[in-house]
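Taking it in order: structure first as structure tokens, then the write-up.
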Amino acid sequence: MDYPANIKVVRVPCTGKVDLLHILKAFESGVDGVYVAGCLEGECHFLTGNLRAKKRVLYARQLLEEVGIRGERVEMYNLSAAEGGRFAQIAREMTDRIKELGPSPIRTKGGRENEELRMKNQELRMRKGDQPDKRDKPDELITNN
């Protein structure tokens with residue numbers, strides 16, 4: 001399986017474990033794009049994990065748009081574990097998409113967009129009852145930077 005070297009693969013037991021905060025924190029830390037690759041819909045080993053992940057990815061897109069970052073920088077893909085070739089193809093497609101979009105505004109400008117994203121992260125953490133300094137780093141997803 002040959003995919004671009006700039007793709008960081010992080011394995012999780014189920015995409016249902018990828019929290020919205022992990023996705024947003026990845027962007028806050030300066031990645032240019034994130035994609036989550038999960039089981040085919042209706043075939044999740046953990047029943048509905050991939051459906052939860054899909055909702056989180058869609059919500060992440062919406063939040064990114066709200067803070068001025070193009071939502072198409074985050075995507076959810078469903079494929080079977082036997083589709084290594086398809087995984088590599090998706091990695092190349094996502095890399096091409098991110099190259100067309102250019103560097104993340106957070107990484108290039110820092111300023112307003114970064115602060116707005118931090119505020120969204122803080123708000124979500126508080127709603128969930130988490131303390132900001134106790135959250136794990138965004139290491140449970142696939143990032144493209």
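If you're wondering about the labels, chains in the structure tokens are A, B, ... by order shown, residues count from 1 in each chain, ligands from 1 in order shown.
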Inset, instruction - Report as a ChimeraX atom specification: the residues of stretch 6-139 of chain A with a DSSP assignment of strand (DSSP E or B), based on the backbone of this structure. - result: /A:7-8,33-38,44,47,74-78
I want to know what sits within 10 Å of A:Arg118, based on only C-alpha atoms, with residues of the same chain fewer than 6 positions away left out; could you give that as a CSV table (one decimal) with C-alpha atoms, in the first residue's frame?
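Done, and the output landed in result_33.csv:
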chain,number,residue,atom,x,y,z
A,24,LEU,CA,-10.6,20.4,16.1
A,25,LYS,CA,-7.5,20.1,18.2
A,27,PHE,CA,-6.5,21.8,13.2
A,28,GLU,CA,-5.7,24.0,16.2
A,29,SER,CA,-2.2,22.4,16.2
A,112,ARG,CA,-8.3,35.3,14.6
A,124,LEU,CA,-17.1,22.0,23.6
Inset, instruction - Identify, with DSSP run on backbone atoms, the residues in stretch 3-142 of chain A assigned to alpha helix (DSSP H), and express the list as a ChimeraX atom specification. - result: /A:20-28,49-66,84-101,105-109,111-128
List as a short mmCIF file (atom, residue, chain, number, x, y, z; two decimals) with N, CA and C atoms, in the first residue's frame the protein and nucleic acid residues near stretch 61-72 of chain A, meaning an atom at most 8 Å away when only C-alpha atoms are counted, but skip any in the same chain fewer than 5 places from it.
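Here's the written file selection10.cif:
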data_model
loop_
_atom_site.label_atom_id
_atom_site.label_comp_id
_atom_site.auth_asym_id
_atom_site.auth_seq_id
_atom_site.Cartn_x
_atom_site.Cartn_y
_atom_site.Cartn_z
N SER A 104 -3.34 25.55 5.86
CA SER A 104 -4.42 25.95 6.77
C SER A 104 -4.26 27.40 7.16
N PRO A 105 -5.36 28.15 7.18
CA PRO A 105 -5.27 29.55 7.62
C PRO A 105 -4.75 29.67 9.05
N GLU A 113 -8.51 33.22 13.32
CA GLU A 113 -9.06 31.89 13.09
C GLU A 113 -8.62 30.93 14.18
N GLU A 116 -10.53 31.73 17.39
CA GLU A 116 -11.91 31.27 17.31
C GLU A 116 -12.01 29.76 17.45
N LEU A 117 -11.09 29.03 16.85
CA LEU A 117 -11.10 27.58 16.97
C LEU A 117 -10.79 27.16 18.41
N LYS A 120 -13.96 27.60 20.35
CA LYS A 120 -14.91 26.52 20.07
C LYS A 120 -14.51 25.27 20.83
#
Env of A:Asn78: 9 Å cut, atoms = only C-alpha atoms, seq-sep filter 2 positions within chain, self excluded. Answer as a PDB file with C-alpha atoms, in the first residue's frame.
ATOM      1  CA  VAL A  36     -11.270   9.603   9.090  1.00  0.00           C
ATOM      2  CA  ALA A  37     -11.457   6.177   7.440  1.00  0.00           C
ATOM      3  CA  GLY A  38     -13.995   3.809   8.966  1.00  0.00           C
ATOM      4  CA  CYS A  39     -15.920   0.631   8.304  1.00  0.00           C
ATOM      5  CA  LEU A  40     -18.519   0.505   5.582  1.00  0.00           C
ATOM      6  CA  GLU A  41     -21.865   1.875   6.736  1.00  0.00           C
ATOM      7  CA  ASN A  50     -18.838   4.771  12.113  1.00  0.00           C
ATOM      8  CA  MET A  76     -15.085  10.839   6.414  1.00  0.00           C
ATOM      9  CA  SER A  80     -13.517  -2.245   4.273  1.00  0.00           C
TER      10      SER A  80
END
Legend entry - Shell around A:Ile98 at 7 Å using only C-alpha atoms, local window under 4 positions removed, as a list in words: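 Using only C-alpha atoms, the neighbours found are Asp32, Gly33, Arg73, Met94 and Gly102 of chain A.
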Inset, instruction - Between A:Tyr3, A:Leu79, A:Ala88, A:Tyr59, single out the one closest to A:Gly42, counting only C-alpha atoms. - result: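 Ranked by minimum distance to A:Gly42, first place goes to A:Leu79.
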Inset, instruction - Please indicate the distance in Å from atom CA of A:Glu75 to atom CA of A:Val34, rounded to one decimal place. - result: 6.6 Å
Inset, instruction - Name all residues at most 6 Å from A:Gly16 (count only C-alpha atoms; drop same-chain ones fewer than 4 positions away) and give them as a PyMOL selection string. - result: chain A and resi 49-50+52-53
Inset, instruction - Find the residue from A:Leu21, A:Ala5, A:Val10, A:Val57 that sits nearest to A:Arg125; use only C-alpha atoms when measuring. - result: A:Leu21
